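S.K.: One structure is given below, represented as structure tokens, and several questions about it will come after.
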Amino acid sequence: MKRLVWLASLTLIGLVSVSGCRKAAEAPKADPLLSAYDSEPDWSDSQKVIPLSYEQAQGKRIFYQHCVWCHADATPAGPSNRSNLTPNPPLMNDGSTLNPESDEFMRNIITLGGSAMGKSAMMPPYGRMLTPGEIASVIAFTRAIAQPPYQPPGRPGSQYSAK
Amino acid sequence: MPAEDMGKLAYRTRLAFAVCSVIFVAVLAISPFKDYRREWKQYKRAYLRFAQSRPDTKRLTADYNPGIDQIWLPGLNVTDRCPTCHQGITQPTLADASVPQPFRTHPPIPHNVRDWGCTACHRGQGPATEVAEAHESTLAWEQPVLPTHFIQASCGTCHLADLPQTPQLTRGRQLLATLNCQGCHKLPGIERPAMLGPDLSSVGTKVSREWIYKWLKEPRTLLDKDGNVTVNGYLTGEEPRMPKFRLSETELIALSAYLSAQKAKALPAYKISPAVVATWSKNPELASQGELRFRQMFCSTCHSLAVTRAGETKLIGGDIGPELTKVGSKVNPDWLIAWLRDPESYLPHTRMPRYGWSDEDLYKVTQYITTKLVDTDLLSTVPKLDAPTDEQVQLGRRIFLEKGCASCHVIEGLNPQKDFGPDLSALGAKNASELEFGASRIPRNLVSYIQAKLQDPVSVNAAARMPQYNWNQADLDAVTTALLSMKGAPATSALQNLVVPRKQFAFRPTGAFAAVYERYKCYTCHTFNGVGGDLAPDLSYEGSRANRQWLVEFLKSPQTLRPTLILRMPQLNMSDKDAATLADYLSMVMQHPAVNPATMDAKQFTPAMASLGKQLYEVKYQCQSCHTIGGTGGYVGPNLNNAGLWLTPAWIQAWLRNPQALVPDTIEPRRNLTDAEINALTAYLLTLRAGIKPQSAANNLASHVVSEGAGQ
């Protein structure tokens, strides 16, 4: 009898307290393209689409206005200027060439031009046309489309997850 | 009660009492426990733990508040508690993708989160403190968070003027305009063209009843299940402007009867001189000569043709005018001649220029079109249709009005029904419960509804009158974005004050220039003070840029300045007088306020300066990476072979100093040149005087066009 009362009351407490909890809300659907600001087809694999954040999408816009003419093999106007130039400018998704370059180097060569960085003078400076934010977005876009994919320099303590 | 039992009872009572107390305390504890377990408090604690794991813990927790964070902006109707969970939203160090959500920094947009709140752009329920209530549609709140893919819609709610940061929204608005959605719907802020669909008042003189039947039945054909759009059987990326109406056989017969009876404004027939016909009609070269003229006049700037190369058939050419691969089987040859001579008399507001034709050219080109651009099988699937009966014509007239054809196509004497389709000016703010989903099985939300309705109108409403469009996914998303941006009149006056209206431009030339400008339809491709097309250079400052003599020669014999472009200035066969009128007006009126060619004396540039300029051009700045001189150099900028005759010294100087000040979106890099360098480069460019070559061996030109087409 005693046991029964204990059991009953414990169950009751358990039930009441469980009723106070609620099922955790499901996270909104994670379709990577639906939650992306824009996207860009993978240049080396037309089946793949790379989702872009706001900043990367702004970089994409600036890339297709200013850079595409020499740093891609297909341009909105058709033929590319890339083959006219010696040395050949790197393709913007060429990860093996661009991934090892630091963000700072990329920022400097875009801002100051090739000759200031000891590279070809055919790369003009864009520091007086594009804002630092726009240049950062172009770099972000480059990193997003890189093949092989770009790995940012590691930062300890960033492997935290919310739940 | 026996004495020995009393202790037992007391024990039992005490036990019962104890159990009750425990239960009572437990019940009391539920409330604080529940409170402790609240979703937002869990995120608060998770943020603290997260901040501990970061090197800059102190800064991340500096303004930590254990309670609810709220952005309250009464003027904007914003009470947003989103930062309660999204705690890193304004922390600059939490931007990178390794930071778990909901703690990541907001991307660097031009608006500050604290001044604008969150729901003004993202929608959702601002005061909610639970994940599901804040983000999703609930019984009490039907405006869920907008998927980021369509977020540009929110920019468009206030920014009626196009922004460079929102290409998807801009594309959607352009599609709404070019597809003539305005014919049936009220769409605020979308430009309404002077002509929606072509005027059909005398379409019976242009095409046969059979062709009308076929066109109405299948304006464009869907080739495959992937949704590839075909025009006359050829793949194209273009959106067809004429949508497909779901017409029954009776309706097709009646409409084709009604339209083929429309002959109100027949063009007077033009007889090509018999001498020309006699000389050329027996010549086996007639059609190929016609094709050559067709190419030399750059008809392909506006019209496309199917070209088969290496087993692949593609449409090559512009999309301003209709595709012409099979036009010879479509139009009446007499109509064609009359149309080419004077398009405007047949079709008011047409964008086709009135060329200066010689009888010889007219004969060659029309013969080429009617004998080579044909397909004998084009109408083979159409049943035999006889002369239209009165009954069919009357029925056709009724259907023309009922189906909404009259909303886009003018027919003299026919008044279209006002407000044929629903007003869409507040579609983007609609709740899901206000929408009609019919028998469809799509998710019950606004985005899915808009996309389903656009893709297949009958899927959500079996009685829909809206015709069928063929969208590719990118265009569908763009139009959806533009529609979502239309949320009706702003709710508060503060919101009303935030609206950035679209700039209104006006360019109304008068006098002799206006007549020439209208005749050659310069505005179809060029922009004048904000008015006109974007295919060709903006001519708003052409008078400051180009020398008058160069303009005259260019208008008489246009040559491309940009080696990569296949779209060219048409050979309009302009008279000397017309060319002089245009050049005079451009150089007198279309001036940039900061560039005055008249103040510049070209004599100040010495040969020594020019040779220094050549050095700068070739070595220091390596301009040849983009510009061509004498056959070598890049394809990006215009070629500079003739810069000395083409450009004014004042323009070159101002351009080198700051190109974006003259043409804001030019890609010419703005360099840090000294005045001496600018003068030296100007002196060098002024020595480049290759002249405009007369149209040389026509065969070369034709093969040039073909090879450039191949490059596409």
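Ordering of the structure tokens sets the chain letters (A, B, ...); residue numbers start at 1 within each chain; ligands are numbered from 1 in the order shown.
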Kindly determine which residues of chain B lie within 6 Å of chain A, considering only C-alpha atoms, and give the answer as a list in words.
M.R.: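 Output check: Ile30, Lys34, Ser53, Arg54, Pro100, Ala132, Pro147, Thr148, His149, Gln622, Ser625, Gly634, Tyr635, Ile667, Arg670, Gly711 and Gln712 of chain B.
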S.K.: Set the distance at 9 Å and use only C-alpha atoms: which residues neighbour Met92 of chain A once local chain neighbours fewer than 6 positions away are removed? I'd like the list as a list in words.
M.R.: Cys67, Val68, His71, Ala72, Leu98, Thr142, Arg143, Ile145 and Ala146 of chain A
S.K.: Could the residues in this selection be saved with N, CA and C atoms as an mmCIF file, in the first residue's frame?
M.R.:
```
data_model
loop_
_atom_site.group_PDB
_atom_site.id
_atom_site.type_symbol
_atom_site.label_atom_id
_atom_site.label_comp_id
_atom_site.auth_asym_id
_atom_site.auth_seq_id
_atom_site.Cartn_x
_atom_site.Cartn_y
_atom_site.Cartn_z
ATOM 1 N N CYS A 67 35.697 42.042 -63.631
ATOM 2 C CA CYS A 67 36.801 41.077 -63.644
ATOM 3 C C CYS A 67 36.637 39.990 -64.700
ATOM 4 N N VAL A 68 35.360 39.672 -65.038
ATOM 5 C CA VAL A 68 35.074 38.489 -65.844
ATOM 6 C C VAL A 68 35.824 38.506 -67.178
ATOM 7 N N HIS A 71 39.350 37.153 -66.298
ATOM 8 C CA HIS A 71 39.527 36.071 -65.323
ATOM 9 C C HIS A 71 38.510 34.944 -65.497
ATOM 10 N N ALA A 72 37.956 34.800 -66.688
ATOM 11 C CA ALA A 72 37.040 33.694 -66.956
ATOM 12 C C ALA A 72 37.178 33.333 -68.422
ATOM 13 N N LEU A 98 44.917 30.324 -56.360
ATOM 14 C CA LEU A 98 44.464 31.432 -55.516
ATOM 15 C C LEU A 98 44.268 31.056 -54.051
ATOM 16 N N THR A 142 35.378 34.949 -54.817
ATOM 17 C CA THR A 142 36.462 34.092 -55.310
ATOM 18 C C THR A 142 36.615 32.856 -54.436
ATOM 19 N N ARG A 143 36.594 33.093 -53.124
ATOM 20 C CA ARG A 143 36.747 31.979 -52.193
ATOM 21 C C ARG A 143 35.570 31.005 -52.321
ATOM 22 N N ILE A 145 33.754 30.223 -54.969
ATOM 23 C CA ILE A 145 33.681 29.399 -56.184
ATOM 24 C C ILE A 145 34.948 28.582 -56.398
ATOM 25 N N ALA A 146 35.946 28.707 -55.499
ATOM 26 C CA ALA A 146 37.248 28.066 -55.728
ATOM 27 C C ALA A 146 37.109 26.555 -55.867
#
```
S.K.: Env of segment 160-165 of chain B: 8 Å cut, atoms = only C-alpha atoms, seq-sep filter 2 positions within chain, self excluded. Answer as a list of chain:residue names.
M.R.: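 Here the answer would be A:Gln58, A:Arg61, B:Gly156, B:Thr157, B:Cys158, B:Pro167, B:Thr170, B:Gly189, B:Val499, B:Val500, B:Pro501, B:Arg502, B:Lys503.
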S.K.: One decimal, Å: what's the distance from atom CA of Gln392 of chain B over to atom CA of Tyr213 of chain B, could you say?
M.R.: 13.2 Å
S.K.: Just list the residues in segment 37-66 of chain A DSSP gives strand (DSSP E or B) on the backbone, as JSON, numbers by chain.
M.R.: {"A": [38, 39, 40, 41, 42, 45, 46, 47, 48, 49, 50, 51, 52]}
S.K.: Can you write just those residues out, C-alpha atoms, as an mmCIF file, in the first residue's frame?
M.R.:
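The resulting file, part09.cif, is shown below:
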```
data_model
loop_
_atom_site.group_PDB
_atom_site.id
_atom_site.type_symbol
_atom_site.label_atom_id
_atom_site.label_comp_id
_atom_site.auth_asym_id
_atom_site.auth_seq_id
_atom_site.Cartn_x
_atom_site.Cartn_y
_atom_site.Cartn_z
ATOM 1 C CA ASP A 38 22.085 34.169 -54.786
ATOM 2 C CA SER A 39 23.894 31.250 -56.400
ATOM 3 C CA GLU A 40 26.560 30.555 -58.987
ATOM 4 C CA PRO A 41 26.976 27.416 -61.099
ATOM 5 C CA ASP A 42 30.220 25.601 -60.370
ATOM 6 C CA ASP A 45 30.853 21.114 -62.970
ATOM 7 C CA SER A 46 27.711 22.511 -64.566
ATOM 8 C CA GLN A 47 25.507 20.153 -62.536
ATOM 9 C CA LYS A 48 26.562 21.760 -59.258
ATOM 10 C CA VAL A 49 25.234 25.063 -57.936
ATOM 11 C CA ILE A 50 27.069 26.983 -55.228
ATOM 12 C CA PRO A 51 24.881 28.973 -52.812
ATOM 13 C CA LEU A 52 26.124 32.523 -52.171
#
```
S.K.: When DSSP works through the backbone of this structure, what residues of segment 17-84 of chain B end up as alpha helix (DSSP H), shown as a count of residues only?
M.R.: 38
S.K.: Which residues are close to Ser544 of chain B, i.e. within 12 Å by only C-alpha atoms, leaving aside same-chain residues fewer than 5 positions away? Reply as a PDB file with N, CA and C atoms, in the first residue's frame.
M.R.:
```pdb
ATOM      1  N   LEU B 539      24.010  57.883 -75.391  1.00  0.00           N
ATOM      2  CA  LEU B 539      24.463  59.022 -76.189  1.00  0.00           C
ATOM      3  C   LEU B 539      24.241  60.361 -75.481  1.00  0.00           C
ATOM      4  N   LEU B 551      31.203  61.652 -86.329  1.00  0.00           N
ATOM      5  CA  LEU B 551      29.804  61.223 -86.182  1.00  0.00           C
ATOM      6  C   LEU B 551      29.139  61.082 -87.544  1.00  0.00           C
ATOM      7  N   ALA B 583      24.217  64.510 -86.387  1.00  0.00           N
ATOM      8  CA  ALA B 583      25.536  64.880 -85.864  1.00  0.00           C
ATOM      9  C   ALA B 583      25.491  66.283 -85.266  1.00  0.00           C
ATOM     10  N   TYR B 585      22.899  67.863 -83.961  1.00  0.00           N
ATOM     11  CA  TYR B 585      22.155  67.882 -82.699  1.00  0.00           C
ATOM     12  C   TYR B 585      22.992  67.246 -81.587  1.00  0.00           C
ATOM     13  N   LEU B 586      23.598  66.100 -81.886  1.00  0.00           N
ATOM     14  CA  LEU B 586      24.384  65.411 -80.860  1.00  0.00           C
ATOM     15  C   LEU B 586      25.513  66.307 -80.376  1.00  0.00           C
ATOM     16  N   SER B 587      26.225  66.959 -81.336  1.00  0.00           N
ATOM     17  CA  SER B 587      27.378  67.728 -80.862  1.00  0.00           C
ATOM     18  C   SER B 587      26.963  69.052 -80.222  1.00  0.00           C
ATOM     19  N   MET B 588      25.810  69.583 -80.548  1.00  0.00           N
ATOM     20  CA  MET B 588      25.390  70.839 -79.918  1.00  0.00           C
ATOM     21  C   MET B 588      24.699  70.592 -78.582  1.00  0.00           C
ATOM     22  N   VAL B 589      23.862  69.565 -78.519  1.00  0.00           N
ATOM     23  CA  VAL B 589      22.965  69.428 -77.363  1.00  0.00           C
ATOM     24  C   VAL B 589      23.434  68.383 -76.358  1.00  0.00           C
ATOM     25  N   MET B 590      23.920  67.258 -76.842  1.00  0.00           N
ATOM     26  CA  MET B 590      24.212  66.151 -75.920  1.00  0.00           C
ATOM     27  C   MET B 590      25.611  66.334 -75.330  1.00  0.00           C
ATOM     28  N   GLN B 591      25.727  67.333 -74.457  1.00  0.00           N
ATOM     29  CA  GLN B 591      27.026  67.706 -73.894  1.00  0.00           C
ATOM     30  C   GLN B 591      27.084  67.386 -72.412  1.00  0.00           C
ATOM     31  N   HIS B 592      28.281  67.008 -71.961  1.00  0.00           N
ATOM     32  CA  HIS B 592      28.488  66.839 -70.526  1.00  0.00           C
ATOM     33  C   HIS B 592      28.859  68.200 -69.935  1.00  0.00           C
ATOM     34  N   PRO B 593      28.236  68.584 -68.815  1.00  0.00           N
ATOM     35  CA  PRO B 593      28.501  69.926 -68.281  1.00  0.00           C
ATOM     36  C   PRO B 593      29.970  70.158 -67.932  1.00  0.00           C
ATOM     37  N   ALA B 594      30.710  69.090 -67.592  1.00  0.00           N
ATOM     38  CA  ALA B 594      32.088  69.292 -67.144  1.00  0.00           C
ATOM     39  C   ALA B 594      33.108  69.183 -68.282  1.00  0.00           C
ATOM     40  N   VAL B 595      32.652  68.847 -69.475  1.00  0.00           N
ATOM     41  CA  VAL B 595      33.598  68.668 -70.588  1.00  0.00           C
ATOM     42  C   VAL B 595      33.194  69.596 -71.722  1.00  0.00           C
ATOM     43  N   ASN B 596      34.046  70.554 -72.007  1.00  0.00           N
ATOM     44  CA  ASN B 596      33.704  71.474 -73.085  1.00  0.00           C
ATOM     45  C   ASN B 596      34.773  71.418 -74.163  1.00  0.00           C
ATOM     46  N   PRO B 597      34.505  70.694 -75.260  1.00  0.00           N
ATOM     47  CA  PRO B 597      35.518  70.525 -76.302  1.00  0.00           C
ATOM     48  C   PRO B 597      35.971  71.862 -76.889  1.00  0.00           C
ATOM     49  N   ALA B 598      35.097  72.874 -76.857  1.00  0.00           N
ATOM     50  CA  ALA B 598      35.436  74.126 -77.525  1.00  0.00           C
ATOM     51  C   ALA B 598      36.607  74.835 -76.841  1.00  0.00           C
ATOM     52  N   THR B 599      36.819  74.590 -75.542  1.00  0.00           N
ATOM     53  CA  THR B 599      37.869  75.313 -74.825  1.00  0.00           C
ATOM     54  C   THR B 599      39.248  74.705 -75.044  1.00  0.00           C
ATOM     55  N   MET B 600      39.296  73.575 -75.738  1.00  0.00           N
ATOM     56  CA  MET B 600      40.552  72.838 -75.829  1.00  0.00           C
ATOM     57  C   MET B 600      41.244  73.120 -77.152  1.00  0.00           C
ATOM     58  N   TRP B 646      38.184  60.262 -83.682  1.00  0.00           N
ATOM     59  CA  TRP B 646      36.910  59.951 -83.013  1.00  0.00           C
ATOM     60  C   TRP B 646      36.682  60.840 -81.792  1.00  0.00           C
ATOM     61  N   LEU B 647      37.647  60.837 -80.852  1.00  0.00           N
ATOM     62  CA  LEU B 647      37.408  61.459 -79.552  1.00  0.00           C
ATOM     63  C   LEU B 647      37.917  62.893 -79.514  1.00  0.00           C
ATOM     64  N   THR B 648      37.229  63.734 -78.763  1.00  0.00           N
ATOM     65  CA  THR B 648      37.703  65.108 -78.586  1.00  0.00           C
ATOM     66  C   THR B 648      38.790  65.098 -77.504  1.00  0.00           C
ATOM     67  N   PRO B 649      39.799  65.988 -77.631  1.00  0.00           N
ATOM     68  CA  PRO B 649      40.867  66.029 -76.617  1.00  0.00           C
ATOM     69  C   PRO B 649      40.294  66.286 -75.219  1.00  0.00           C
ATOM     70  N   ALA B 650      39.283  67.127 -75.136  1.00  0.00           N
ATOM     71  CA  ALA B 650      38.716  67.453 -73.820  1.00  0.00           C
ATOM     72  C   ALA B 650      38.127  66.206 -73.164  1.00  0.00           C
ATOM     73  N   TRP B 651      37.473  65.383 -73.986  1.00  0.00           N
ATOM     74  CA  TRP B 651      36.877  64.159 -73.445  1.00  0.00           C
ATOM     75  C   TRP B 651      37.960  63.188 -72.978  1.00  0.00           C
ATOM     76  N   ILE B 652      39.022  63.037 -73.807  1.00  0.00           N
ATOM     77  CA  ILE B 652      40.096  62.093 -73.440  1.00  0.00           C
ATOM     78  C   ILE B 652      40.688  62.491 -72.092  1.00  0.00           C
ATOM     79  N   GLN B 653      40.945  63.795 -71.936  1.00  0.00           N
ATOM     80  CA  GLN B 653      41.541  64.265 -70.681  1.00  0.00           C
ATOM     81  C   GLN B 653      40.616  63.992 -69.491  1.00  0.00           C
ATOM     82  N   ALA B 654      39.361  64.388 -69.651  1.00  0.00           N
ATOM     83  CA  ALA B 654      38.416  64.209 -68.534  1.00  0.00           C
ATOM     84  C   ALA B 654      38.237  62.730 -68.229  1.00  0.00           C
ATOM     85  N   TRP B 655      38.241  61.927 -69.287  1.00  0.00           N
ATOM     86  CA  TRP B 655      38.040  60.484 -69.131  1.00  0.00           C
ATOM     87  C   TRP B 655      39.200  59.858 -68.363  1.00  0.00           C
ATOM     88  N   LEU B 662      32.189  60.559 -65.795  1.00  0.00           N
ATOM     89  CA  LEU B 662      31.498  60.786 -67.066  1.00  0.00           C
ATOM     90  C   LEU B 662      30.472  59.685 -67.329  1.00  0.00           C
TER      91      LEU B 662
END
```
S.K.: In Å, rounded to a single decimal, give me how far atom CA of Glu104 of chain A is from atom CA of Gly118 of chain A.
M.R.: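 These atoms are spaced 14.9 Å apart.
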S.K.: If we count only C-alpha atoms and set the cut-off at 9 Å, which residues sit around Ser304 of chain B, ignoring sequence neighbours fewer than 3 positions away in its own chain? Please answer as an MDAnalysis selection string.
M.R.: chainID B and resid 299:301 315:319 321:325
S.K.: Find the residues near segment 269-283 of chain B: any atom within 9 Å, counting only C-alpha atoms, skip ones fewer than 6 places away on the same chain, and give them as a PyMOL selection string.
M.R.: chain B and resi 334-335+337-338+341+359-360+362-364
S.K.: Just write the chosen residues, C-alpha atoms, as a PDB file, in the first residue's frame.
M.R.:
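Below you can see again_30.pdb, which holds the result:
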```pdb
ATOM      1  CA  ASP B 334       3.365  42.304-100.820  1.00  0.00           C
ATOM      2  CA  TRP B 335       2.886  43.203 -97.174  1.00  0.00           C
ATOM      3  CA  ILE B 337       7.689  45.058 -99.176  1.00  0.00           C
ATOM      4  CA  ALA B 338       5.285  47.710 -97.925  1.00  0.00           C
ATOM      5  CA  ARG B 341       9.528  50.632 -96.713  1.00  0.00           C
ATOM      6  CA  ASP B 359      14.552  49.294-105.186  1.00  0.00           C
ATOM      7  CA  GLU B 360      17.443  46.948-105.855  1.00  0.00           C
ATOM      8  CA  LEU B 362      14.446  45.957-101.418  1.00  0.00           C
ATOM      9  CA  TYR B 363      14.006  43.394-104.178  1.00  0.00           C
ATOM     10  CA  LYS B 364      17.062  41.365-103.193  1.00  0.00           C
TER      11      LYS B 364
END
```
